[in-house]
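Have a look at the structure below before the remarks.
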Amino acid sequence: MSDSQILIERPGHDSHAQNPALLHHFATEEQQRDASNLGMWWFLATEIMFFGGLFCAYLIYRRQFFGDFAAASSSIDAALGGTNTAVLICSSLTVVLAIWAAQTARRGLLLLMLVLTMVFGCAFLGIKGIEYRDKFVEHHVPGASFQFHETVPGHPDQYANPAHAQIFFALYFVMTGLHALHMIIGLGIFAWLLWAAWKGRFTPEYHTPLEIGGLYWHFVDIVWIYLFPLLYLIDRHK
């Protein structure tokens, strides 16, 4: 038998022909989906370590300067922070509904849920911009112009140490700023997902990018769920 008569059947060859979205280095759609999910979970693990260092630094300083941190926390608007929390929870719901719509071949609903997710994300950033503007007006931004003249909650005759309050606001801007940056990246991801959904690329058999984008969005939401009580609700019961 000559070499030209020898046919080598590549595993998954038929799957590649039937599904152009299946990359050449994966044998099956399930293998590609599992590899994509594993890669995203590894990425999120590095993000957890990244934010974990900031959380540790915050908790150390909060334990050391609790009264001063409580005074600084009371100067930020908990109502705006709570509104943003509700906005992100709603956005997580729309992400889940978008994935469900793709799984059940509801293209119109898929597009609507992706648009709503982006609207919620933009609303979050808009509210955060209002908070930042207020801090600039009040001179609560760390630096040469920083000013802070608030009393410690529960101790009306004791003023907070401005240097310690400045540490709180430094952590506040770093942590919420990095979170906002992740939100902006997430909006970029969902803009691409919306474009791909509009082109009809997602089907009940193939919607892996939606699941991966959803994992990223849920992670960003969970980070905020921790940031909100840590930054906004210190000693609020008093």
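Identifiers for the structure tokens are assigned positionally: chains receive A, B, ... in sequence, residues are indexed from 1 per chain, and ligands are indexed from 1 in the order shown.
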Going by DSSP on the backbone, which bits of chain A are strand (DSSP E or B)? Write them as a PyMOL selection string, please. chain A and resi 151-152+155-159
May I have the residues within 8 Å of A:Phe168 as a VMD selection string, using only C-alpha atoms and disregarding those fewer than 5 positions away in the same chain? chain A and resid 58 69 72 to 73
Could those selected residues go to a file with all heavy atoms, as a compact mmCIF listing (two decimals), in the first residue's frame?
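Wrote it out as part22.txt, contents follow:
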# COMPACT_ATOMS: atom_id res chain seq x y z
N TYR A 58 -6.03 46.53 54.32
CA TYR A 58 -7.14 47.31 54.87
C TYR A 58 -7.51 46.83 56.27
O TYR A 58 -7.70 47.64 57.19
CB TYR A 58 -8.35 47.20 53.93
CG TYR A 58 -9.61 47.79 54.52
CD1 TYR A 58 -9.87 49.16 54.42
CD2 TYR A 58 -10.52 46.99 55.21
CE1 TYR A 58 -11.02 49.71 54.97
CE2 TYR A 58 -11.67 47.53 55.76
CZ TYR A 58 -11.91 48.89 55.64
OH TYR A 58 -13.04 49.43 56.20
N PHE A 69 -10.93 55.21 61.15
CA PHE A 69 -11.51 54.63 59.94
C PHE A 69 -13.03 54.75 59.96
O PHE A 69 -13.66 54.99 58.94
CB PHE A 69 -11.11 53.16 59.81
CG PHE A 69 -9.85 52.95 59.01
CD1 PHE A 69 -8.74 53.77 59.19
CD2 PHE A 69 -9.77 51.94 58.07
CE1 PHE A 69 -7.58 53.58 58.44
CE2 PHE A 69 -8.63 51.74 57.32
CZ PHE A 69 -7.53 52.57 57.50
N ALA A 72 -13.91 58.28 58.98
CA ALA A 72 -13.74 58.47 57.54
C ALA A 72 -14.85 57.77 56.76
O ALA A 72 -15.39 58.30 55.79
CB ALA A 72 -12.37 57.97 57.11
N SER A 73 -15.22 56.56 57.21
CA SER A 73 -16.26 55.81 56.53
C SER A 73 -17.61 56.53 56.61
O SER A 73 -18.39 56.50 55.65
CB SER A 73 -16.40 54.42 57.15
OG SER A 73 -17.50 53.73 56.61
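For stretch 107-120 of chain A, the list of residues within 8 Å, based on only C-alpha atoms and with local chain neighbours fewer than 3 positions off taken out, reads Val87, Leu88, Cys90, Ser91, Ser92, Thr94, Val95, Leu97, Ala98, Ile99, Ala101, Ala102, Ala123, Phe124, Leu187, Phe190, Ala191, Leu193, Leu194, Ala197, Trp198 and Gly200 of chain A.
Counting only C-alpha atoms and comparing A:Leu80, A:Leu230, A:Ala160, A:Trp224, the residue that lies closest to A:Leu178 is A:Trp224.
Proximity to A:Tyr172 was assessed for A:Phe65, A:Trp100, A:Tyr232, A:Trp41 counting only C-alpha atoms; the smallest distance is recorded for A:Tyr232.
Among the candidates A:Pro162, A:Gly53, A:Pro229, A:Gly39, the residue lying nearest to A:Pro142 is A:Pro162 (atoms considered: only C-alpha atoms).
Taking only C-alpha atoms into account, A:His140 lies nearest to A:Ile76 out of the set A:Cys122, A:Met183, A:Ile76, A:Leu54.
Shortest separation to A:Gln158 among A:Asp68, A:Glu211, A:Glu205, A:Glu47 occurs at residue A:Asp68, atoms counted being only C-alpha atoms.
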Just how far from atom CA of A:Phe219 is atom CA of A:Glu131, in Å to one decimal? 22.5 Å
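Distance check against A:Gly82 using only C-alpha atoms: of A:Ala170, A:Ile127, A:Val137, A:Ile185, the minimum falls on A:Ile127.
Atom pair atom CA of A:Val220 / atom CA of A:Leu171 has a distance of 17.6 Å (rounded to one decimal).
Counting from atom CA of A:Gly67, the distance to atom CA of A:Val152 is 5.6 Å.
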Give me every helix (DSSP H, G or I) residue in stretch 141-224 of chain A, going by DSSP on the backbone, as JSON, numbers by chain. {"A": [162, 163, 164, 165, 166, 167, 168, 169, 170, 171, 172, 173, 174, 175, 176, 177, 178, 179, 180, 181, 182, 183, 184, 185, 186, 187, 188, 189, 190, 191, 192, 193, 194, 195, 196, 197, 198, 208, 209, 210, 211, 212, 213, 214, 215, 216, 217, 218, 219, 220, 221, 222, 223, 224]}
